[in-house]
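For reference, run.cif is printed below; it contains mmCIF, C-alpha atoms and all ligand atoms.
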data_model
loop_
_atom_site.label_atom_id
_atom_site.label_comp_id
_atom_site.auth_asym_id
_atom_site.auth_seq_id
_atom_site.Cartn_x
_atom_site.Cartn_y
_atom_site.Cartn_z
CA MET A 1 -23.65 6.11 -8.33
CA THR A 2 -22.03 9.46 -9.23
CA GLU A 3 -19.97 11.10 -6.52
CA LYS A 4 -17.47 13.91 -6.26
CA ILE A 5 -14.19 12.35 -5.05
CA ALA A 6 -10.70 13.68 -4.33
CA VAL A 7 -7.76 11.32 -4.85
CA LEU A 8 -4.59 12.46 -3.07
CA GLY A 9 -1.34 11.22 -4.59
CA ALA A 10 -0.80 11.04 -8.36
CA GLY A 11 1.73 8.22 -8.44
CA SER A 12 1.11 4.85 -10.03
CA TRP A 13 -1.69 3.62 -7.73
CA GLY A 14 -3.41 6.95 -7.02
CA SER A 15 -3.60 7.95 -10.67
CA ILE A 16 -4.92 4.56 -11.79
CA LEU A 17 -7.54 4.42 -9.02
CA ALA A 18 -8.58 7.97 -9.95
CA ASN A 19 -8.94 6.87 -13.55
CA LEU A 20 -11.05 3.86 -12.51
CA LEU A 21 -13.35 6.06 -10.41
CA ASP A 22 -13.70 8.41 -13.37
CA GLU A 23 -14.55 5.44 -15.63
CA ASN A 24 -17.20 4.45 -13.08
CA GLY A 25 -18.91 7.80 -13.77
CA ASN A 26 -17.67 9.89 -10.84
CA ASP A 27 -16.41 13.48 -10.79
CA VAL A 28 -12.79 12.84 -9.79
CA ARG A 29 -10.17 15.36 -8.71
CA LEU A 30 -6.62 13.98 -8.68
CA TRP A 31 -4.37 16.02 -6.37
CA SER A 32 -0.67 16.13 -7.23
CA ASN A 33 2.22 17.81 -5.42
CA SER A 34 3.79 18.79 -8.76
CA GLU A 35 2.66 21.54 -11.16
CA ALA A 36 4.47 19.80 -14.03
CA GLN A 37 2.74 16.46 -13.36
CA ALA A 38 -0.70 18.08 -13.05
CA ALA A 39 -0.13 19.95 -16.33
CA GLU A 40 0.94 16.72 -18.05
CA LEU A 41 -2.20 14.96 -16.80
CA ASN A 42 -4.54 17.81 -17.79
CA ASP A 43 -2.94 18.70 -21.14
CA HIS A 44 -1.79 15.29 -22.43
CA HIS A 45 -3.70 12.82 -20.19
CA THR A 46 -0.45 11.01 -19.44
CA ASN A 47 1.74 10.43 -16.36
CA GLN A 48 4.85 9.08 -18.07
CA HIS A 49 7.09 8.74 -15.02
CA TYR A 50 4.61 6.60 -13.08
CA VAL A 51 2.49 4.74 -15.65
CA PRO A 52 4.31 4.98 -18.99
CA ASP A 53 2.17 4.96 -22.15
CA PHE A 54 -1.16 4.96 -20.33
CA HIS A 55 -3.79 7.37 -21.63
CA TYR A 56 -5.97 8.71 -18.79
CA SER A 57 -9.61 9.62 -19.19
CA GLU A 58 -10.00 13.12 -20.60
CA SER A 59 -12.60 13.95 -17.95
CA LEU A 60 -10.14 13.26 -15.09
CA THR A 61 -8.84 16.58 -13.73
CA ALA A 62 -5.58 17.06 -11.85
CA TYR A 63 -5.19 19.77 -9.21
CA THR A 64 -2.31 21.14 -7.19
CA ASP A 65 -4.57 23.31 -5.02
CA LEU A 66 -5.77 21.03 -2.23
CA ALA A 67 -8.73 23.22 -1.19
CA ALA A 68 -9.99 23.27 -4.79
CA ALA A 69 -9.58 19.49 -5.10
CA LEU A 70 -11.54 18.91 -1.88
CA ASP A 71 -14.35 21.33 -2.63
CA GLY A 72 -17.71 19.58 -2.13
CA VAL A 73 -16.35 16.01 -2.19
CA ALA A 74 -18.22 13.06 -0.68
CA ALA A 75 -15.03 11.02 -0.27
CA VAL A 76 -11.28 11.62 0.02
CA LEU A 77 -8.97 8.78 -1.07
CA PHE A 78 -5.40 8.94 0.29
CA VAL A 79 -2.82 7.15 -1.90
CA VAL A 80 0.40 8.88 -0.92
CA PRO A 81 3.31 6.85 0.48
CA THR A 82 3.07 5.95 4.17
CA LYS A 83 5.65 8.52 5.20
CA ALA A 84 3.47 11.35 3.77
CA ILE A 85 0.10 10.24 5.21
CA ARG A 86 0.29 12.30 8.42
CA SER A 87 1.40 15.55 6.79
CA VAL A 88 -1.19 15.28 3.99
CA ALA A 89 -3.90 14.44 6.57
CA GLN A 90 -2.97 17.59 8.50
CA GLN A 91 -3.39 19.64 5.31
CA VAL A 92 -6.76 17.99 4.62
CA ALA A 93 -7.97 18.65 8.17
CA ALA A 94 -7.07 22.33 7.82
CA VAL A 95 -9.24 22.59 4.68
CA LEU A 96 -12.15 20.61 6.17
CA GLN A 97 -12.13 22.87 9.23
CA GLN A 98 -12.87 25.83 6.96
CA THR A 99 -15.46 24.17 4.73
CA HIS A 100 -17.46 22.10 7.26
CA GLN A 101 -17.66 19.16 4.84
CA LYS A 102 -17.74 15.68 6.33
CA PRO A 103 -16.39 13.31 3.67
CA ILE A 104 -15.74 9.60 4.01
CA ILE A 105 -11.99 9.03 4.34
CA ILE A 106 -10.50 6.14 2.35
CA HIS A 107 -6.88 5.07 2.10
CA ALA A 108 -5.17 2.63 -0.23
CA SER A 109 -1.62 2.97 1.10
CA LYS A 110 0.30 0.06 2.63
CA GLY A 111 2.63 0.58 5.55
CA LEU A 112 3.14 1.39 9.23
CA GLU A 113 4.22 4.81 10.40
CA LEU A 114 7.94 4.45 11.06
CA GLU A 115 8.25 6.57 14.19
CA THR A 116 5.06 5.41 15.96
CA HIS A 117 4.40 1.95 14.37
CA LYS A 118 0.80 3.08 13.97
CA ARG A 119 -1.51 1.77 11.26
CA LEU A 120 -2.50 4.35 8.66
CA SER A 121 -6.16 4.50 9.69
CA GLN A 122 -4.94 5.35 13.21
CA VAL A 123 -2.80 8.18 11.83
CA LEU A 124 -5.74 9.46 9.75
CA ALA A 125 -8.11 9.29 12.73
CA GLU A 126 -5.64 11.26 14.84
CA GLU A 127 -5.12 14.01 12.29
CA ILE A 128 -8.70 14.26 10.94
CA PRO A 129 -10.90 14.29 14.02
CA ALA A 130 -14.32 12.60 13.88
CA ASP A 131 -16.21 15.92 13.71
CA LEU A 132 -14.54 16.70 10.35
CA ARG A 133 -15.30 13.41 8.61
CA GLN A 134 -17.40 10.29 8.34
CA ALA A 135 -15.94 6.78 8.73
CA ILE A 136 -12.48 5.63 7.60
CA VAL A 137 -12.28 2.82 5.05
CA VAL A 138 -9.16 0.86 4.06
CA LEU A 139 -8.82 -0.39 0.49
CA SER A 140 -6.33 -3.25 0.21
CA GLY A 141 -5.62 -6.50 -1.59
CA PRO A 142 -3.69 -8.03 -4.48
CA SER A 143 -3.58 -5.21 -7.02
CA HIS A 144 -0.93 -3.68 -9.22
CA ALA A 145 -1.50 -0.38 -11.00
CA GLU A 146 0.08 -1.89 -14.13
CA GLU A 147 -2.66 -4.57 -14.36
CA VAL A 148 -5.62 -2.42 -13.29
CA ALA A 149 -4.49 0.05 -15.98
CA LYS A 150 -5.04 -2.76 -18.51
CA ARG A 151 -8.46 -3.50 -16.97
CA ASP A 152 -7.25 -6.95 -15.99
CA ILE A 153 -9.36 -8.68 -13.31
CA THR A 154 -8.58 -7.53 -9.75
CA LEU A 155 -10.33 -8.38 -6.46
CA ILE A 156 -9.66 -6.44 -3.27
CA THR A 157 -11.14 -5.61 0.15
CA ALA A 158 -12.80 -2.49 1.60
CA ALA A 159 -12.43 -2.66 5.39
CA SER A 160 -14.13 -0.46 7.93
CA GLU A 161 -15.63 -0.70 11.40
CA ASP A 162 -18.60 1.03 9.74
CA THR A 163 -20.27 -1.51 7.44
CA LYS A 164 -22.31 1.17 5.64
CA ALA A 165 -19.15 3.09 4.77
CA ALA A 166 -17.41 -0.09 3.54
CA THR A 167 -20.45 -0.86 1.36
CA PHE A 168 -20.43 2.70 -0.02
CA VAL A 169 -16.77 2.24 -1.04
CA GLN A 170 -17.53 -1.21 -2.48
CA GLN A 171 -20.21 0.31 -4.73
CA LEU A 172 -17.97 3.23 -5.70
CA PHE A 173 -15.16 1.04 -7.04
CA MET A 174 -16.92 -2.11 -8.36
CA ASN A 175 -17.08 -2.64 -12.13
CA ASP A 176 -16.58 -5.45 -14.67
CA TYR A 177 -12.89 -5.87 -13.87
CA PHE A 178 -12.60 -4.54 -10.29
CA ARG A 179 -14.47 -6.44 -7.59
CA ILE A 180 -14.57 -5.42 -3.92
CA TYR A 181 -15.42 -7.47 -0.82
CA THR A 182 -16.26 -5.76 2.47
CA ASN A 183 -14.59 -6.67 5.76
CA ASN A 184 -14.73 -5.22 9.28
CA ASP A 185 -11.26 -6.32 10.46
CA VAL A 186 -9.41 -3.06 9.84
CA ILE A 187 -6.44 -4.15 11.98
CA GLY A 188 -5.95 -7.40 10.06
CA VAL A 189 -6.37 -5.79 6.65
CA GLU A 190 -3.88 -2.98 7.36
CA LEU A 191 -1.31 -5.30 8.97
CA GLY A 192 -1.57 -7.81 6.10
CA ALA A 193 -0.93 -4.95 3.65
CA ALA A 194 2.09 -3.54 5.48
CA LEU A 195 3.77 -6.82 6.45
CA LYS A 196 3.50 -8.70 3.13
CA ASN A 197 5.86 -6.15 1.57
CA ILE A 198 8.65 -7.43 3.85
CA ILE A 199 8.14 -10.99 2.64
CA ALA A 200 8.02 -9.74 -0.97
CA LEU A 201 11.46 -8.18 -0.50
CA GLY A 202 12.66 -11.58 0.74
CA ALA A 203 11.04 -13.45 -2.17
CA GLY A 204 12.71 -11.10 -4.65
CA ALA A 205 16.04 -11.62 -2.89
CA LEU A 206 15.68 -15.41 -3.12
CA HIS A 207 15.08 -15.04 -6.85
CA GLY A 208 18.09 -12.77 -7.25
CA LEU A 209 20.23 -15.25 -5.32
CA GLY A 210 19.15 -18.07 -7.62
CA TYR A 211 16.98 -20.13 -5.25
CA GLY A 212 14.12 -22.18 -6.70
CA ASP A 213 10.35 -22.43 -6.33
CA ASP A 214 10.46 -24.64 -3.21
CA ALA A 215 12.36 -21.92 -1.37
CA LYS A 216 9.90 -19.23 -2.51
CA ALA A 217 6.87 -21.27 -1.42
CA ALA A 218 8.54 -21.91 1.94
CA LEU A 219 9.28 -18.21 2.43
CA MET A 220 5.71 -17.17 1.61
CA THR A 221 4.21 -19.83 3.90
CA ARG A 222 6.47 -19.17 6.87
CA GLY A 223 6.20 -15.45 6.12
CA LEU A 224 2.42 -15.69 6.42
CA ALA A 225 2.86 -17.57 9.72
CA GLU A 226 4.88 -14.73 11.23
CA ILE A 227 2.64 -12.00 9.78
CA SER A 228 -0.36 -13.74 11.38
CA ARG A 229 1.48 -14.17 14.69
CA LEU A 230 2.20 -10.45 14.99
CA GLY A 231 -1.21 -9.52 13.57
CA VAL A 232 -3.17 -11.62 16.06
CA ALA A 233 -1.06 -10.25 18.94
CA LEU A 234 -2.04 -6.76 17.79
CA GLY A 235 -5.77 -7.58 17.67
CA ALA A 236 -6.35 -8.87 14.12
CA GLN A 237 -8.74 -11.74 13.33
CA PRO A 238 -6.71 -14.80 12.21
CA LEU A 239 -9.02 -15.56 9.24
CA THR A 240 -8.28 -12.18 7.66
CA PHE A 241 -4.77 -13.45 6.84
CA ILE A 242 -6.18 -16.12 4.51
CA GLY A 243 -8.24 -13.53 2.65
CA LEU A 244 -7.49 -11.13 -0.20
CA SER A 245 -5.63 -8.62 1.96
CA GLY A 246 -3.57 -11.40 3.58
CA VAL A 247 -2.41 -14.39 1.57
CA GLY A 248 -3.89 -12.89 -1.64
CA ASP A 249 -1.70 -9.81 -1.46
CA LEU A 250 1.26 -11.83 -0.23
CA ILE A 251 1.06 -14.10 -3.30
CA VAL A 252 0.92 -11.27 -5.81
CA THR A 253 3.57 -9.10 -4.19
CA ALA A 254 5.97 -11.99 -3.62
CA THR A 255 5.68 -13.30 -7.19
CA SER A 256 4.91 -10.41 -9.53
CA VAL A 257 7.48 -8.60 -11.64
CA HIS A 258 5.28 -5.53 -11.20
CA SER A 259 5.97 -5.42 -7.47
CA ARG A 260 8.35 -2.67 -6.45
CA ASN A 261 9.19 -4.65 -3.29
CA TRP A 262 9.89 -7.88 -5.18
CA ARG A 263 12.02 -6.01 -7.70
CA ALA A 264 13.98 -4.26 -4.95
CA GLY A 265 14.64 -7.63 -3.26
CA ASN A 266 15.64 -9.19 -6.58
CA GLU A 267 18.17 -6.43 -7.19
CA LEU A 268 19.59 -6.78 -3.67
CA GLY A 269 19.88 -10.56 -4.15
CA SER A 270 21.62 -9.96 -7.48
CA GLY A 271 24.32 -7.94 -5.71
CA GLN A 272 23.07 -4.36 -6.08
CA ASP A 273 23.57 -2.07 -3.06
CA LEU A 274 20.52 -0.73 -1.19
CA LYS A 275 21.19 2.95 -1.95
CA THR A 276 21.30 2.30 -5.71
CA VAL A 277 18.17 0.12 -5.55
CA ILE A 278 16.21 2.92 -3.86
CA GLU A 279 17.54 5.62 -6.18
CA THR A 280 16.81 3.72 -9.38
CA MET A 281 13.31 2.48 -8.48
CA GLY A 282 11.75 5.96 -8.88
CA MET A 283 8.70 4.78 -6.91
CA VAL A 284 8.07 4.05 -3.26
CA ILE A 285 9.41 0.74 -1.82
CA GLU A 286 7.21 0.50 1.27
CA GLY A 287 8.73 -2.76 2.54
CA ILE A 288 11.98 -1.05 3.52
CA PRO A 289 10.58 1.24 6.27
CA SER A 290 7.91 -1.38 7.13
CA THR A 291 10.68 -3.90 7.90
CA LYS A 292 12.05 -1.55 10.59
CA ALA A 293 8.60 -0.80 12.02
CA ALA A 294 7.65 -4.51 12.10
CA TYR A 295 11.00 -5.52 13.59
CA GLU A 296 10.57 -3.01 16.42
CA LEU A 297 6.92 -3.99 16.97
CA ALA A 298 7.86 -7.68 17.13
CA GLN A 299 10.56 -6.90 19.74
CA GLN A 300 8.05 -4.88 21.81
CA GLN A 301 5.47 -7.67 21.61
CA SER A 302 8.02 -10.51 22.10
CA ILE A 303 6.81 -12.13 18.86
CA GLU A 304 9.20 -14.34 16.93
CA MET A 305 9.57 -13.08 13.34
CA PRO A 306 12.76 -14.75 12.02
CA ILE A 307 12.26 -13.75 8.36
CA THR A 308 11.56 -10.13 9.24
CA GLU A 309 14.59 -10.14 11.56
CA ALA A 310 16.82 -11.53 8.78
CA ILE A 311 15.61 -8.91 6.28
CA TYR A 312 16.04 -6.19 8.92
CA ASP A 313 19.66 -7.30 9.40
CA VAL A 314 20.32 -7.07 5.66
CA LEU A 315 18.64 -3.66 5.27
CA TYR A 316 19.70 -1.97 8.50
CA ASN A 317 22.75 -3.85 9.86
CA ASN A 318 24.64 -4.50 6.63
CA ALA A 319 24.31 -8.29 7.05
CA ASP A 320 25.51 -10.32 4.07
CA ILE A 321 22.40 -11.39 2.17
CA LYS A 322 24.09 -14.68 1.18
CA GLN A 323 24.70 -15.58 4.83
CA VAL A 324 21.25 -14.89 6.28
CA ILE A 325 19.55 -17.78 4.47
CA PRO A 326 21.86 -20.53 5.81
CA GLN A 327 21.45 -18.91 9.24
CA LEU A 328 17.64 -19.16 8.94
CA MET A 329 17.95 -22.80 7.84
CA ARG A 330 20.13 -23.71 10.81
CA ARG A 331 17.64 -22.42 13.38
CA GLU A 332 16.57 -24.99 15.96
CA GLY A 333 13.87 -27.42 14.68
CA LYS A 334 10.27 -26.56 15.64
CA PRO A 335 6.71 -27.84 15.33
CA GLU A 336 5.01 -26.29 12.30
CA LEU A 337 1.94 -25.08 14.20
CA GLN A 338 2.45 -23.25 17.47
N1 LIG B 1 1.61 0.87 -7.18
C1 LIG B 1 0.70 -0.05 -6.91
O1 LIG B 1 0.34 -0.87 -7.77
C2 LIG B 1 0.10 -0.10 -5.54
C3 LIG B 1 0.51 0.74 -4.53
N2 LIG B 1 -0.11 0.67 -3.31
C4 LIG B 1 0.26 1.58 -2.23
O2 LIG B 1 -0.12 2.90 -2.57
C5 LIG B 1 0.78 3.84 -1.96
C6 LIG B 1 1.32 4.74 -3.04
O3 LIG B 1 2.06 3.91 -3.91
P1 LIG B 1 2.39 4.24 -5.41
O4 LIG B 1 1.30 4.98 -6.07
O5 LIG B 1 2.88 2.96 -5.99
O6 LIG B 1 3.64 5.21 -5.17
P2 LIG B 1 4.43 6.05 -6.25
O7 LIG B 1 5.83 6.12 -5.78
O8 LIG B 1 4.12 5.52 -7.61
O9 LIG B 1 3.74 7.49 -6.15
C7 LIG B 1 3.65 8.19 -4.95
C8 LIG B 1 3.02 9.54 -5.27
O10 LIG B 1 2.79 10.24 -4.05
C9 LIG B 1 3.36 11.53 -4.19
N3 LIG B 1 3.76 12.08 -2.90
C10 LIG B 1 4.79 11.71 -2.10
N4 LIG B 1 4.82 12.49 -1.00
C11 LIG B 1 3.81 13.37 -1.12
C12 LIG B 1 3.32 14.44 -0.33
N5 LIG B 1 3.91 14.75 0.83
N6 LIG B 1 2.28 15.16 -0.78
C13 LIG B 1 1.69 14.85 -1.94
N7 LIG B 1 2.08 13.85 -2.75
C14 LIG B 1 3.13 13.12 -2.33
C15 LIG B 1 4.57 11.29 -5.08
O11 LIG B 1 5.02 12.53 -5.57
P3 LIG B 1 6.54 12.72 -6.11
O12 LIG B 1 6.46 12.43 -7.57
O13 LIG B 1 6.82 14.16 -5.81
O14 LIG B 1 7.41 11.78 -5.34
C16 LIG B 1 3.93 10.41 -6.12
O15 LIG B 1 3.16 11.14 -7.03
C17 LIG B 1 1.87 3.00 -1.27
O16 LIG B 1 1.61 2.91 0.10
C18 LIG B 1 1.75 1.63 -1.94
O17 LIG B 1 2.14 0.57 -1.09
C19 LIG B 1 -1.12 -0.21 -3.05
C20 LIG B 1 -1.54 -1.07 -4.02
C21 LIG B 1 -0.97 -1.09 -5.34
O1 LIG B 2 0.55 -3.69 -2.82
C1 LIG B 2 0.84 -4.01 -3.95
C2 LIG B 2 0.22 -5.15 -4.65
O2 LIG B 2 -0.99 -5.52 -4.05
C3 LIG B 2 1.92 -3.28 -4.64
O3 LIG B 2 3.11 -3.82 -4.21
P1 LIG B 2 4.47 -3.08 -4.56
O4 LIG B 2 4.46 -1.79 -3.79
O5 LIG B 2 5.53 -4.01 -4.16
O6 LIG B 2 4.46 -2.83 -6.05
#

Using structure tokens, write down the structure that the file contains.
Ligand SMILES: NC(=O)C1=CN([C@@H]2O[C@H](COP(=O)(O)OP(=O)(O)OC[C@H]3O[C@@H](n4cnc5c(N)ncnc54)[C@H](OP(=O)(O)O)[C@@H]3O)[C@@H](O)[C@H]2O)C=CC1
Ligand SMILES: O=C(CO)COP(=O)(O)O
Amino acid sequence: MTEKIAVLGAGSWGSILANLLDENGNDVRLWSNSEAQAAELNDHHTNQHYVPDFHYSESLTAYTDLAAALDGVAAVLFVVPTKAIRSVAQQVAAVLQQTHQKPIIIHASKGLELETHKRLSQVLAEEIPADLRQAIVVLSGPSHAEEVAKRDITLITAASEDTKAATFVQQLFMNDYFRIYTNNDVIGVELGAALKNIIALGAGALHGLGYGDDAKAALMTRGLAEISRLGVALGAQPLTFIGLSGVGDLIVTATSVHSRNWRAGNELGSGQDLKTVIETMGMVIEGIPSTKAAYELAQQQSIEMPITEAIYDVLYNNADIKQVIPQLMRREGKPELQ
């Protein structure tokens, strides 16, 4: 299948997904917000800040002109950080209004809008009305740009209420090292993606504080319990949380040295202050704003999320990271399954 596709966001994940789509034989336009980055990609086929030492396909073209990047595309893939999704969607809608194209909209970002707590497909649907597009598909699961760049094996999920659109996206991305499953639980897939980053911050912190494997397994398991609790209250199907976009993504993000969230947590646990951690990462740490959005959602829904609450206290209330773990341990005893 050869399609014309625009990928919006030339950071680590956007640029590597664009390269994969190019390898799969598509005509790919990678949209960047930086002239210097686009020139580096077009002239040297590198993106040193985001994926050091990776050589991109020479047929992959970077653009800074959004209208040119979107011209005639069958699909638009959003891979900008959560906080930029709404503003980029507004820019896309303005172009689509002029050109009368109706592309499929895909996003591979992981978060909840901070101000509204909305899922990203909800933000996209609001800003790109149905008459300007086809269905919205969410691409999510255990996947790090660093490993996909090496063509290591990766399996993820394409979720949409529209099965045909999910199957189209499955076919677009599948190859010998990248395998896609379809799913129709958009709510569960997006919530799994956003909420696992919070637990990954906690797992990194445990590592930085010197705790062992038992503690990490406990955090992931009880983390999944609270993710599922909030997810089901918000309309997700419980089984989605034991799939690739649920426990699969939780495992990789809470254990991998590639994870920006795990690394941020590890640095916090090792004694680094939050401001320095954010400044030195040089890439988006989605779990930090997602912790605030999830904390507020849990309060609204009266859902108990003790791990999220503890991480919220560390990130937003200056709680001592060394104290929050004993406090979690001393909570009243409970049945495991509620
Ligand atoms: N990295 C990974 O392996 C994976 C990431 N994801 C998700 O993908 C999303 C993107 O992550 P990732 O690629 O890692 O992030 P990065 O920090 O590596 O890159 C983000 C990119 O988006 C650009 N950007 C930011 N704001 C805007 C804007 N308003 N308009 C246009 N471009 C903008 C940044 O530009 P600038 O250089 O100017 O900041 C940068 O090029 C996140 O939601 C993340 O959770 C999902 C799976 C895997
Ligand atoms: O979502 C991811 C892995 O599936 C990427 O996680 P990080 O943003 O923590 O690197």

Produce a table with one row for each residue of segment 210-238 of chain A that has an atom at most 12 Å from any atom of segment 252-263 of chain A, each row naming the nearest atom pair and its distance in Å at one decimal; use all atoms listed in the file; arrange rows by chain and rising residue number; format as a Markdown table.
| residue | atom | partner | partner_atom | distance |
| --- | --- | --- | --- | --- |
| A:Asp213 | CA | A:Thr255 | CA | 10.3 |
| A:Lys216 | CA | A:Ala254 | CA | 8.3 |
| A:Ala217 | CA | A:Ala254 | CA | 9.6 |
| A:Ala218 | CA | A:Ala254 | CA | 11.7 |
| A:Leu219 | CA | A:Ala254 | CA | 9.3 |
| A:Met220 | CA | A:Ala254 | CA | 7.4 |
| A:Thr221 | CA | A:Ala254 | CA | 11.0 |
| A:Gly223 | CA | A:Ala254 | CA | 10.3 |
| A:Leu224 | CA | A:Ala254 | CA | 11.3 |

Taking only C-alpha atoms and all ligand atoms into account, report as an mmCIF file with C-alpha atoms, keeping the file's coordinate frame which residues have an atom no farther than 8 Å from an atom of ligand LIG 1 (chain B).
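Dumped to out30.cif:
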data_model
loop_
_atom_site.group_PDB
_atom_site.id
_atom_site.type_symbol
_atom_site.label_atom_id
_atom_site.label_comp_id
_atom_site.auth_asym_id
_atom_site.auth_seq_id
_atom_site.Cartn_x
_atom_site.Cartn_y
_atom_site.Cartn_z
ATOM 1 C CA LEU A 8 -4.590 12.460 -3.070
ATOM 2 C CA GLY A 9 -1.340 11.220 -4.590
ATOM 3 C CA ALA A 10 -0.800 11.040 -8.360
ATOM 4 C CA GLY A 11 1.730 8.220 -8.440
ATOM 5 C CA SER A 12 1.110 4.850 -10.030
ATOM 6 C CA TRP A 13 -1.690 3.620 -7.730
ATOM 7 C CA GLY A 14 -3.410 6.950 -7.020
ATOM 8 C CA SER A 15 -3.600 7.950 -10.670
ATOM 9 C CA TRP A 31 -4.370 16.020 -6.370
ATOM 10 C CA SER A 32 -0.670 16.130 -7.230
ATOM 11 C CA ASN A 33 2.220 17.810 -5.420
ATOM 12 C CA SER A 34 3.790 18.790 -8.760
ATOM 13 C CA GLN A 37 2.740 16.460 -13.360
ATOM 14 C CA TYR A 50 4.610 6.600 -13.080
ATOM 15 C CA VAL A 79 -2.820 7.150 -1.900
ATOM 16 C CA VAL A 80 0.400 8.880 -0.920
ATOM 17 C CA PRO A 81 3.310 6.850 0.480
ATOM 18 C CA THR A 82 3.070 5.950 4.170
ATOM 19 C CA LYS A 83 5.650 8.520 5.200
ATOM 20 C CA ALA A 84 3.470 11.350 3.770
ATOM 21 C CA ILE A 85 0.100 10.240 5.210
ATOM 22 C CA SER A 87 1.400 15.550 6.790
ATOM 23 C CA VAL A 88 -1.190 15.280 3.990
ATOM 24 C CA ALA A 108 -5.170 2.630 -0.230
ATOM 25 C CA SER A 109 -1.620 2.970 1.100
ATOM 26 C CA LYS A 110 0.300 0.060 2.630
ATOM 27 C CA GLY A 111 2.630 0.580 5.550
ATOM 28 C CA SER A 140 -6.330 -3.250 0.210
ATOM 29 C CA GLY A 141 -5.620 -6.500 -1.590
ATOM 30 C CA PRO A 142 -3.690 -8.030 -4.480
ATOM 31 C CA SER A 143 -3.580 -5.210 -7.020
ATOM 32 C CA HIS A 144 -0.930 -3.680 -9.220
ATOM 33 C CA ALA A 145 -1.500 -0.380 -11.000
ATOM 34 C CA GLU A 146 0.080 -1.890 -14.130
ATOM 35 C CA ALA A 193 -0.930 -4.950 3.650
ATOM 36 C CA ALA A 194 2.090 -3.540 5.480
ATOM 37 C CA HIS A 258 5.280 -5.530 -11.200
ATOM 38 C CA SER A 259 5.970 -5.420 -7.470
ATOM 39 C CA ARG A 260 8.350 -2.670 -6.450
ATOM 40 C CA GLY A 282 11.750 5.960 -8.880
ATOM 41 C CA MET A 283 8.700 4.780 -6.910
ATOM 42 C CA VAL A 284 8.070 4.050 -3.260
ATOM 43 C CA ILE A 285 9.410 0.740 -1.820
ATOM 44 C CA GLU A 286 7.210 0.500 1.270
#

Would you pick out the contacts of segment 168-185 of chain A at 7 Å or less, using only C-alpha atoms, so that residues sharing its chain but fewer than 4 positions from it are not included, and give the list as a list in words?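 Residues near the query, excluding close chain neighbours: Met1, Leu21, Arg151, Asp152, Ile153, Thr154, Leu155, Ile156, Thr157, Ala158, Ala159, Ser160, Glu161, Thr163, Lys164, Val189, Ala236 and Gln237 of chain A.
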
Taking all atoms of ligand LIG 2 (chain B) that the file lists, what box with edges along x, y and z, padded by 6 Å per side, do you get, with centre and edge lengths in Å to one decimal, as JSON?
{"center_x": 2.3, "center_y": -3.7, "center_z": -4.4, "size_x": 18.5, "size_y": 15.7, "size_z": 15.2}

Neighbours of Ala135 of chain A within 12 Å (only C-alpha atoms; same-chain residues fewer than 6 positions away dropped), as a ChimeraX atom specification? /A:74-76,102-107,121-122,124-125,128-129,159-169,186

Calculated over only C-alpha atoms and all ligand atoms, which of the candidates A:Lys196, A:Arg331, A:Lys118, A:Lys322 has the smallest distance to ligand LIG 2 (chain B)?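 Comparing A:Lys196, A:Arg331, A:Lys118, A:Lys322 against ligand LIG 2 (chain B), the winner is A:Lys196.
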
Nearest-residue call for ligand LIG 2 (chain B), choices A:Ile303, A:Leu112, A:Ala200, A:Leu209, using all atoms listed in the file: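 Smallest separation from ligand LIG 2 (chain B) among the options: A:Ala200.
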
Long-range neighbours of Asp320 of chain A as a PyMOL selection string, 10 Å cut-off, all atoms listed in the file, 6 positions minimum in chain: chain A and resi 269+310+313-314

Figure out the distance between atom CA of Glu147 of chain A and atom CA of Lys292 of chain A, please, to one decimal in Å. 29.1 Å

Of the candidates A:Pro238, A:Gly210, A:Pro306, A:Gly246, which shows the shortest atom-to-atom distance to ligand LIG 2 (chain B), using all atoms listed in the file?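 Among A:Pro238, A:Gly210, A:Pro306, A:Gly246, it is A:Gly246 that comes nearest to ligand LIG 2 (chain B).
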
What is the atom CA of Asn19 of chain A-atom CA of Gly248 of chain A distance in Å, reported with one decimal?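 Atom CA of Gly248 of chain A lies at a distance of 23.6 Å from atom CA of Asn19 of chain A.
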